Amino acid sequence: MGYTPICPVRSNNQDFAQKHQLSITQVPLWEISSISSVKKLFKKYKDACAVISCLSSRKGTKKDTWEVDFCLNMHLLKAAIYSGINKFIYLSAICVQKPKLNFQFAKLAFETNLKKSNINHVIIRPTAFFKSISGQLNRIKQNKRFIVFDNGKKTKTKPISSNDLGKFIVLTINNENMKNKIIPIGGPGPARNSKEFGELIFQISGKSPKFFYFPSVIFQILIYLLKPFSFGSRKIADKIEFLKIAHYYATESMLYWDDKSKVYLEDKTKEFGDEKIDSHYELILSGKLKLNSDYNQKLF
């Protein structure tokens, strides 16, 4: 689309450039936890027109989320303003509409600072990534049951592929209609619940549907039991946060939330792109695409 991306990586991850056969000029190194290092990198690319931040914590723990989702993004924002860059595109998450978790509050805190700054910005809140609802494909390959929470019909989403989301992000760079806006975005529908995703996987794999119904209240019971031990142990506190995250995704839809009517609305969840989850599942189940999901996504 006429833009030359510059994708810096952390100085302790130099093997990334070698792995992807990229030169160090294409993938400059930086230490993002150092504001001076970030400013130095920005100074090197004086013709940069926009910053696109996809920085997000992987673990979801309180310490990690505030260091990454908030502090590191603040480093980028301050460096962008310092360097005279006039566009900041932030990849947030649609679940911040109903915040209950540490990473959601950290993202919202950064969103607030971004909106208060004088820099032109776009805040993008995607629904769910393809990989986020592909964690059980290996279970199906192994003839195991597909896990759904409660009756499997409580939550819905319109997932968006990484390619389509990338295209959408680039389209926002010079789109005046999106300037200083918060944009929830999903992929092509329909919106499906977790049982329907399971049925789709079984259909594509040619296997008979088999489900395991997991009561989401178990997460709350475990949280209650562990709570007294969390005050003196960060490890247990982190486990509680993981359980809270699991309960959230087991009970909340990744769709547009109408705060007035207190419901998720499928028709108000904007759709973008051409890639559908059906094709993604087909590629993985046929072995043409490697399944790449995090450990904490294996239940979804």
# chains A, B, ... in the order shown; residues from 1 in each chain; ligands from 1
$ residues_around --residues "Ile89 of chain A" --least-positions-apart "2" --cutoff "12 Å" --atoms "only C-alpha atoms" --output "mmCIF file with C-alpha atoms, in the first residue's frame"
data_model
loop_
_atom_site.group_PDB
_atom_site.id
_atom_site.type_symbol
_atom_site.label_atom_id
_atom_site.label_comp_id
_atom_site.auth_asym_id
_atom_site.auth_seq_id
_atom_site.Cartn_x
_atom_site.Cartn_y
_atom_site.Cartn_z
ATOM 1 C CA CYS A 49 4.697 8.818 9.392
ATOM 2 C CA ALA A 50 2.997 6.589 11.941
ATOM 3 C CA VAL A 51 3.522 4.265 14.867
ATOM 4 C CA ILE A 52 1.551 1.020 14.950
ATOM 5 C CA SER A 53 1.662 -0.609 18.364
ATOM 6 C CA CYS A 54 0.653 -4.234 18.793
ATOM 7 C CA LEU A 55 2.449 -4.473 22.134
ATOM 8 C CA ASN A 73 3.102 1.557 25.138
ATOM 9 C CA LEU A 76 6.231 4.422 22.389
ATOM 10 C CA LEU A 77 3.725 7.239 22.731
ATOM 11 C CA ALA A 80 6.427 9.347 18.959
ATOM 12 C CA ILE A 85 5.324 11.661 14.512
ATOM 13 C CA ASN A 86 1.693 12.639 14.176
ATOM 14 C CA LYS A 87 -0.122 9.293 14.002
ATOM 15 C CA LEU A 91 -4.169 -2.415 18.701
ATOM 16 C CA SER A 92 -6.289 -2.873 21.810
ATOM 17 C CA GLU A 111 -6.144 4.319 25.726
ATOM 18 C CA LEU A 114 -3.491 8.246 24.089
ATOM 19 C CA LYS A 115 -6.804 10.115 23.779
ATOM 20 C CA ILE A 119 -1.278 13.043 18.611
ATOM 21 C CA ASN A 120 -3.728 11.836 15.963
ATOM 22 C CA HIS A 121 -4.689 8.301 16.808
ATOM 23 C CA VAL A 122 -6.821 5.266 16.024
ATOM 24 C CA ILE A 123 -7.716 2.663 18.647
ATOM 25 C CA ILE A 124 -8.571 -0.690 17.082
ATOM 26 C CA ARG A 125 -10.419 -3.291 19.153
ATOM 27 C CA GLY A 166 -3.092 -6.227 9.215
ATOM 28 C CA PHE A 168 -7.327 -3.008 8.209
ATOM 29 C CA ILE A 169 -4.635 -1.463 10.409
ATOM 30 C CA VAL A 170 -2.779 -0.110 7.373
ATOM 31 C CA LEU A 171 -6.009 1.328 5.942
ATOM 32 C CA THR A 172 -6.423 3.473 9.061
ATOM 33 C CA ILE A 173 -3.113 5.314 8.607
ATOM 34 C CA ASN A 174 -4.446 8.052 6.330
ATOM 35 C CA ASN A 175 -8.184 7.573 6.678
ATOM 36 C CA MET A 178 -11.150 6.972 11.394
ATOM 37 C CA LYS A 179 -9.096 9.772 12.907
ATOM 38 C CA ASN A 180 -9.252 9.842 16.733
ATOM 39 C CA LYS A 181 -11.807 7.009 16.760
ATOM 40 C CA ILE A 182 -12.237 3.765 18.664
ATOM 41 C CA ILE A 183 -13.084 1.024 16.164
#
$ residues_around --residues "Ser162 of chain A" --least-positions-apart "3" --cutoff "8 Å" --atoms "only C-alpha atoms" --output "PDB file with C-alpha atoms, in the first residue's frame"
ATOM      1  CA  PHE A 129      -7.890 -13.901  16.376  1.00  0.00           C
ATOM      2  CA  PHE A 130      -8.119 -17.169  14.468  1.00  0.00           C
ATOM      3  CA  LEU A 165      -6.464  -7.332  10.595  1.00  0.00           C
ATOM      4  CA  GLY A 166      -3.092  -6.227   9.215  1.00  0.00           C
TER       5      GLY A 166
END
$ closest_atom_pairs --of "segment 102-185 of chain A" --to "segment 252-255 of chain A" --cutoff "6 Å" --atoms "only C-alpha atoms" --output "JSON lines"
{"residue": "A:Thr127", "atom": "CA", "partner": "A:Met254", "partner_atom": "CA", "distance": 5.1}
{"residue": "A:Thr155", "atom": "CA", "partner": "A:Ser253", "partner_atom": "CA", "distance": 4.3}
{"residue": "A:Lys156", "atom": "CA", "partner": "A:Ser253", "partner_atom": "CA", "distance": 4.8}
{"residue": "A:Thr157", "atom": "CA", "partner": "A:Met254", "partner_atom": "CA", "distance": 4.9}
$ write_last_selection --atoms "C-alpha atoms" --output "PDB file, in the first residue's frame"
ATOM      1  CA  THR A 127     -12.862  -9.417  18.313  1.00  0.00           C
ATOM      2  CA  THR A 155     -20.586 -16.705  24.079  1.00  0.00           C
ATOM      3  CA  LYS A 156     -20.207 -15.691  20.449  1.00  0.00           C
ATOM      4  CA  THR A 157     -17.631 -13.999  18.253  1.00  0.00           C
TER       5      THR A 157
END
$ residues_around --residues "segment 67-69 of chain A" --least-positions-apart "6" --cutoff "7 Å" --atoms "only C-alpha atoms" --output "PyMOL selection string"
chain A and resi 55-57+103+106-107
$ residues_around --residues "Leu101 of chain A" --least-positions-apart "2" --cutoff "10 Å" --atoms "only C-alpha atoms" --output "ChimeraX atom specification"
/A:60-62,65,95-96,98-99,103-106,241-242,244-245,248
$ write_last_selection --atoms "C-alpha atoms" --output "PDB file, in the first residue's frame"
ATOM      1  CA  GLY A  60      -1.923 -11.589  31.639  1.00  0.00           C
ATOM      2  CA  THR A  61      -0.512 -11.299  35.169  1.00  0.00           C
ATOM      3  CA  LYS A  62      -0.877  -7.992  36.994  1.00  0.00           C
ATOM      4  CA  THR A  65       0.206  -6.332  31.970  1.00  0.00           C
ATOM      5  CA  CYS A  95     -12.990  -7.182  25.691  1.00  0.00           C
ATOM      6  CA  VAL A  96     -12.022  -3.855  27.296  1.00  0.00           C
ATOM      7  CA  LYS A  98     -16.497  -4.813  29.949  1.00  0.00           C
ATOM      8  CA  PRO A  99     -13.306  -4.597  32.006  1.00  0.00           C
ATOM      9  CA  PHE A 103      -4.792  -6.497  31.317  1.00  0.00           C
ATOM     10  CA  GLN A 104      -8.068  -4.824  30.355  1.00  0.00           C
ATOM     11  CA  PHE A 105      -7.592  -2.025  32.886  1.00  0.00           C
ATOM     12  CA  ALA A 106      -3.986  -1.570  31.716  1.00  0.00           C
ATOM     13  CA  GLU A 241      -5.605 -14.078  37.502  1.00  0.00           C
ATOM     14  CA  PHE A 242      -5.303 -16.901  34.942  1.00  0.00           C
ATOM     15  CA  LYS A 244     -10.258 -15.071  36.082  1.00  0.00           C
ATOM     16  CA  ILE A 245      -9.152 -14.751  32.461  1.00  0.00           C
ATOM     17  CA  TYR A 248     -14.082 -14.270  31.432  1.00  0.00           C
TER      18      TYR A 248
END
$ residues_around --residues "segment 263-274 of chain A" --least-positions-apart "2" --cutoff "6 Å" --atoms "only C-alpha atoms" --output "list in words"
Asp164, Ile185, Gly186, Gly187, Pro188, Leu255, Tyr256, Trp257, Asp258 and Ser261 of chain A
$ write_last_selection --atoms "N, CA and C atoms" --output "PDB file, in the first residue's frame"
ATOM      1  N   ASP A 164      -6.150 -10.148   7.496  1.00  0.00           N
ATOM      2  CA  ASP A 164      -7.200  -9.137   7.338  1.00  0.00           C
ATOM      3  C   ASP A 164      -7.038  -8.014   8.358  1.00  0.00           C
ATOM      4  N   ILE A 185     -13.682  -4.196  15.582  1.00  0.00           N
ATOM      5  CA  ILE A 185     -13.690  -4.812  14.260  1.00  0.00           C
ATOM      6  C   ILE A 185     -13.591  -6.338  14.360  1.00  0.00           C
ATOM      7  N   GLY A 186     -14.372  -7.019  13.518  1.00  0.00           N
ATOM      8  CA  GLY A 186     -14.325  -8.471  13.451  1.00  0.00           C
ATOM      9  C   GLY A 186     -14.132  -8.920  12.021  1.00  0.00           C
ATOM     10  N   GLY A 187     -14.049 -10.226  11.823  1.00  0.00           N
ATOM     11  CA  GLY A 187     -13.926 -10.763  10.489  1.00  0.00           C
ATOM     12  C   GLY A 187     -15.294 -11.046   9.894  1.00  0.00           C
ATOM     13  N   PRO A 188     -15.328 -11.622   8.695  1.00  0.00           N
ATOM     14  CA  PRO A 188     -16.612 -11.949   8.068  1.00  0.00           C
ATOM     15  C   PRO A 188     -17.381 -12.956   8.909  1.00  0.00           C
ATOM     16  N   LEU A 255     -17.868  -9.540  21.045  1.00  0.00           N
ATOM     17  CA  LEU A 255     -18.666  -8.786  20.091  1.00  0.00           C
ATOM     18  C   LEU A 255     -18.859  -7.364  20.617  1.00  0.00           C
ATOM     19  N   TYR A 256     -19.490  -6.534  19.802  1.00  0.00           N
ATOM     20  CA  TYR A 256     -19.794  -5.164  20.236  1.00  0.00           C
ATOM     21  C   TYR A 256     -20.750  -5.206  21.438  1.00  0.00           C
ATOM     22  N   TRP A 257     -20.395  -4.470  22.486  1.00  0.00           N
ATOM     23  CA  TRP A 257     -21.203  -4.426  23.708  1.00  0.00           C
ATOM     24  C   TRP A 257     -22.004  -3.131  23.736  1.00  0.00           C
ATOM     25  N   ASP A 258     -23.325  -3.255  23.796  1.00  0.00           N
ATOM     26  CA  ASP A 258     -24.192  -2.087  23.903  1.00  0.00           C
ATOM     27  C   ASP A 258     -24.417  -1.797  25.383  1.00  0.00           C
ATOM     28  N   SER A 261     -28.278  -1.157  26.565  1.00  0.00           N
ATOM     29  CA  SER A 261     -29.163  -2.317  26.691  1.00  0.00           C
ATOM     30  C   SER A 261     -28.501  -3.485  27.420  1.00  0.00           C
TER      31      SER A 261
END
$ residues_around --residues "segment 277-281 of chain A" --least-positions-apart "6" --cutoff "12 Å" --atoms "only C-alpha atoms" --output "NGL selection string"
:A and (128-138 or 140-141 or 157-164 or 186-192 or 196-205 or 287-292)
$ write_last_selection --atoms "C-alpha atoms" --output "PDB file, in the first residue's frame"
ATOM      1  CA  ALA A 128     -10.837 -12.643  18.402  1.00  0.00           C
ATOM      2  CA  PHE A 129      -7.890 -13.901  16.376  1.00  0.00           C
ATOM      3  CA  PHE A 130      -8.119 -17.169  14.468  1.00  0.00           C
ATOM      4  CA  LYS A 131      -5.436 -18.722  16.677  1.00  0.00           C
ATOM      5  CA  SER A 132      -7.431 -17.810  19.797  1.00  0.00           C
ATOM      6  CA  ILE A 133     -10.176 -20.251  18.832  1.00  0.00           C
ATOM      7  CA  SER A 134      -7.995 -22.951  17.304  1.00  0.00           C
ATOM      8  CA  GLY A 135      -6.508 -24.340  20.492  1.00  0.00           C
ATOM      9  CA  GLN A 136      -8.563 -27.549  20.456  1.00  0.00           C
ATOM     10  CA  LEU A 137      -7.771 -28.688  16.928  1.00  0.00           C
ATOM     11  CA  ASN A 138      -5.167 -31.143  18.191  1.00  0.00           C
ATOM     12  CA  ILE A 140     -10.029 -33.326  17.567  1.00  0.00           C
ATOM     13  CA  LYS A 141      -7.136 -34.862  15.603  1.00  0.00           C
ATOM     14  CA  THR A 157     -17.631 -13.999  18.253  1.00  0.00           C
ATOM     15  CA  LYS A 158     -16.735 -13.075  14.680  1.00  0.00           C
ATOM     16  CA  PRO A 159     -13.008 -13.952  14.501  1.00  0.00           C
ATOM     17  CA  ILE A 160     -10.650 -12.018  12.231  1.00  0.00           C
ATOM     18  CA  SER A 161      -7.514 -13.360  10.565  1.00  0.00           C
ATOM     19  CA  SER A 162      -4.086 -11.833  11.118  1.00  0.00           C
ATOM     20  CA  ASN A 163      -3.854 -10.939   7.414  1.00  0.00           C
ATOM     21  CA  ASP A 164      -7.200  -9.137   7.338  1.00  0.00           C
ATOM     22  CA  GLY A 186     -14.325  -8.471  13.451  1.00  0.00           C
ATOM     23  CA  GLY A 187     -13.926 -10.763  10.489  1.00  0.00           C
ATOM     24  CA  PRO A 188     -16.612 -11.949   8.068  1.00  0.00           C
ATOM     25  CA  GLY A 189     -19.497 -13.577   9.903  1.00  0.00           C
ATOM     26  CA  PRO A 190     -21.570 -15.263  10.924  1.00  0.00           C
ATOM     27  CA  ALA A 191     -21.094 -14.878  14.652  1.00  0.00           C
ATOM     28  CA  ARG A 192     -20.745 -18.357  16.145  1.00  0.00           C
ATOM     29  CA  GLU A 196     -20.868 -24.089  16.671  1.00  0.00           C
ATOM     30  CA  PHE A 197     -17.092 -23.682  16.308  1.00  0.00           C
ATOM     31  CA  GLY A 198     -16.725 -27.235  17.607  1.00  0.00           C
ATOM     32  CA  GLU A 199     -19.351 -28.543  15.196  1.00  0.00           C
ATOM     33  CA  LEU A 200     -17.571 -26.776  12.342  1.00  0.00           C
ATOM     34  CA  ILE A 201     -14.252 -28.429  13.248  1.00  0.00           C
ATOM     35  CA  PHE A 202     -15.873 -31.874  13.437  1.00  0.00           C
ATOM     36  CA  GLN A 203     -17.588 -31.293  10.097  1.00  0.00           C
ATOM     37  CA  ILE A 204     -14.335 -30.299   8.382  1.00  0.00           C
ATOM     38  CA  SER A 205     -12.437 -33.206   9.954  1.00  0.00           C
ATOM     39  CA  GLY A 287      -1.537 -30.247   7.604  1.00  0.00           C
ATOM     40  CA  LYS A 288      -0.977 -27.368   5.172  1.00  0.00           C
ATOM     41  CA  LEU A 289      -0.757 -24.842   8.011  1.00  0.00           C
ATOM     42  CA  LYS A 290       0.984 -25.293  11.348  1.00  0.00           C
ATOM     43  CA  LEU A 291      -1.173 -24.798  14.436  1.00  0.00           C
ATOM     44  CA  ASN A 292       0.359 -22.016  16.483  1.00  0.00           C
TER      45      ASN A 292
END
$ residues_around --residues "Ser36 of chain A" --least-positions-apart "6" --cutoff "12 Å" --atoms "only C-alpha atoms" --output "list in words"
Trp30, Phe42, Lys43, His75, Leu76, Lys78, Ala79, Tyr82 and Ser83 of chain A
$ write_last_selection --atoms "N, CA and C atoms" --output "PDB file, in the first residue's frame"
ATOM      1  N   TRP A  30      16.363  -2.768  19.451  1.00  0.00           N
ATOM      2  CA  TRP A  30      16.183  -1.730  20.456  1.00  0.00           C
ATOM      3  C   TRP A  30      15.920  -2.377  21.802  1.00  0.00           C
ATOM      4  N   PHE A  42      13.682   6.104  17.048  1.00  0.00           N
ATOM      5  CA  PHE A  42      12.769   6.988  16.319  1.00  0.00           C
ATOM      6  C   PHE A  42      13.558   8.094  15.598  1.00  0.00           C
ATOM      7  N   LYS A  43      14.605   8.564  16.245  1.00  0.00           N
ATOM      8  CA  LYS A  43      15.424   9.629  15.665  1.00  0.00           C
ATOM      9  C   LYS A  43      16.106   9.162  14.377  1.00  0.00           C
ATOM     10  N   HIS A  75       5.983   4.353  26.575  1.00  0.00           N
ATOM     11  CA  HIS A  75       7.299   4.669  26.012  1.00  0.00           C
ATOM     12  C   HIS A  75       7.178   4.997  24.529  1.00  0.00           C
ATOM     13  N   LEU A  76       6.427   4.186  23.820  1.00  0.00           N
ATOM     14  CA  LEU A  76       6.231   4.422  22.389  1.00  0.00           C
ATOM     15  C   LEU A  76       5.525   5.751  22.137  1.00  0.00           C
ATOM     16  N   LYS A  78       5.341   8.458  24.077  1.00  0.00           N
ATOM     17  CA  LYS A  78       6.212   9.595  24.411  1.00  0.00           C
ATOM     18  C   LYS A  78       7.286   9.795  23.345  1.00  0.00           C
ATOM     19  N   ALA A  79       7.846   8.685  22.854  1.00  0.00           N
ATOM     20  CA  ALA A  79       8.877   8.774  21.822  1.00  0.00           C
ATOM     21  C   ALA A  79       8.304   9.300  20.516  1.00  0.00           C
ATOM     22  N   TYR A  82       7.761  13.015  20.979  1.00  0.00           N
ATOM     23  CA  TYR A  82       9.099  13.640  21.030  1.00  0.00           C
ATOM     24  C   TYR A  82       9.703  13.748  19.631  1.00  0.00           C
ATOM     25  N   SER A  83       9.432  12.741  18.784  1.00  0.00           N
ATOM     26  CA  SER A  83      10.045  12.697  17.458  1.00  0.00           C
ATOM     27  C   SER A  83       9.208  13.400  16.394  1.00  0.00           C
TER      28      SER A  83
END
$ select_by_dssp --residues "segment 34-260 of chain A" --states "strand (DSSP E or B)" --output "ChimeraX atom specification"
/A:51-53,87-91,120-126,129,146-149,156-157,160,181-186,192-193,211-214,254,256-258
$ write_last_selection --atoms "C-alpha atoms" --output "compact mmCIF listing (two decimals), in the first residue's frame"
# COMPACT_ATOMS: atom_id res chain seq x y z
CA VAL A 51 3.52 4.26 14.87
CA ILE A 52 1.55 1.02 14.95
CA SER A 53 1.66 -0.61 18.36
CA LYS A 87 -0.12 9.29 14.00
CA PHE A 88 -0.39 6.52 16.58
CA ILE A 89 -2.40 3.37 15.86
CA TYR A 90 -3.02 1.19 18.87
CA LEU A 91 -4.17 -2.41 18.70
CA ASN A 120 -3.73 11.84 15.96
CA HIS A 121 -4.69 8.30 16.81
CA VAL A 122 -6.82 5.27 16.02
CA ILE A 123 -7.72 2.66 18.65
CA ILE A 124 -8.57 -0.69 17.08
CA ARG A 125 -10.42 -3.29 19.15
CA PRO A 126 -10.48 -6.64 17.31
CA PHE A 129 -7.89 -13.90 16.38
CA PHE A 146 -14.36 -30.74 22.14
CA ILE A 147 -14.60 -28.76 25.38
CA VAL A 148 -17.38 -26.19 25.68
CA PHE A 149 -18.29 -24.16 28.73
CA LYS A 156 -20.21 -15.69 20.45
CA THR A 157 -17.63 -14.00 18.25
CA ILE A 160 -10.65 -12.02 12.23
CA LYS A 181 -11.81 7.01 16.76
CA ILE A 182 -12.24 3.77 18.66
CA ILE A 183 -13.08 1.02 16.16
CA PRO A 184 -14.31 -2.45 17.16
CA ILE A 185 -13.69 -4.81 14.26
CA GLY A 186 -14.32 -8.47 13.45
CA ARG A 192 -20.74 -18.36 16.15
CA ASN A 193 -20.90 -19.70 19.67
CA PHE A 211 -18.49 -32.61 23.39
CA PHE A 212 -17.39 -32.26 26.99
CA TYR A 213 -19.50 -29.71 28.90
CA PHE A 214 -17.35 -27.90 31.46
CA MET A 254 -16.19 -11.05 21.86
CA TYR A 256 -19.79 -5.16 20.24
CA TRP A 257 -21.20 -4.43 23.71
CA ASP A 258 -24.19 -2.09 23.90
$ select_by_dssp --residues "segment 192-257 of chain A" --states "alpha helix (DSSP H)" --output "PyMOL selection string"
chain A and resi 194-205+217-226+234-251
$ atom_distance --atom1 "atom CA of Tyr224 of chain A" --atom2 "atom CA of Lys100 of chain A"
16.1 Å
$ atom_distance --atom1 "atom CA of Gln220 of chain A" --atom2 "atom CA of Leu243 of chain A"
7.7 Å
$ decode --residues "segment 114-125 of chain A" --atoms "N, CA and C atoms" --output "short mmCIF file (atom, residue, chain, number, x, y, z; two decimals), in the first residue's frame"
data_model
loop_
_atom_site.label_atom_id
_atom_site.label_comp_id
_atom_site.auth_asym_id
_atom_site.auth_seq_id
_atom_site.Cartn_x
_atom_site.Cartn_y
_atom_site.Cartn_z
N LEU A 114 -3.60 8.00 25.53
CA LEU A 114 -3.49 8.25 24.09
C LEU A 114 -4.52 9.28 23.65
N LYS A 115 -5.74 9.17 24.15
CA LYS A 115 -6.80 10.11 23.78
C LYS A 115 -6.51 11.51 24.31
N LYS A 116 -5.86 11.59 25.48
CA LYS A 116 -5.54 12.89 26.08
C LYS A 116 -4.37 13.57 25.38
N SER A 117 -3.54 12.81 24.70
CA SER A 117 -2.38 13.39 24.00
C SER A 117 -2.85 14.17 22.78
N ASN A 118 -1.95 14.96 22.22
CA ASN A 118 -2.30 15.76 21.05
C ASN A 118 -2.06 15.02 19.74
N ILE A 119 -1.60 13.79 19.82
CA ILE A 119 -1.28 13.04 18.61
C ILE A 119 -2.55 12.47 17.98
N ASN A 120 -2.62 12.49 16.66
CA ASN A 120 -3.73 11.84 15.96
C ASN A 120 -3.63 10.33 16.20
N HIS A 121 -4.75 9.71 16.44
CA HIS A 121 -4.69 8.30 16.81
C HIS A 121 -5.90 7.52 16.29
N VAL A 122 -5.73 6.20 16.28
CA VAL A 122 -6.82 5.27 16.02
C VAL A 122 -6.66 4.13 17.03
N ILE A 123 -7.73 3.79 17.71
CA ILE A 123 -7.72 2.66 18.65
C ILE A 123 -8.55 1.55 18.03
N ILE A 124 -7.90 0.43 17.73
CA ILE A 124 -8.57 -0.69 17.08
C ILE A 124 -8.81 -1.79 18.11
N ARG A 125 -10.06 -2.23 18.20
CA ARG A 125 -10.42 -3.29 19.15
C ARG A 125 -10.94 -4.51 18.39
#
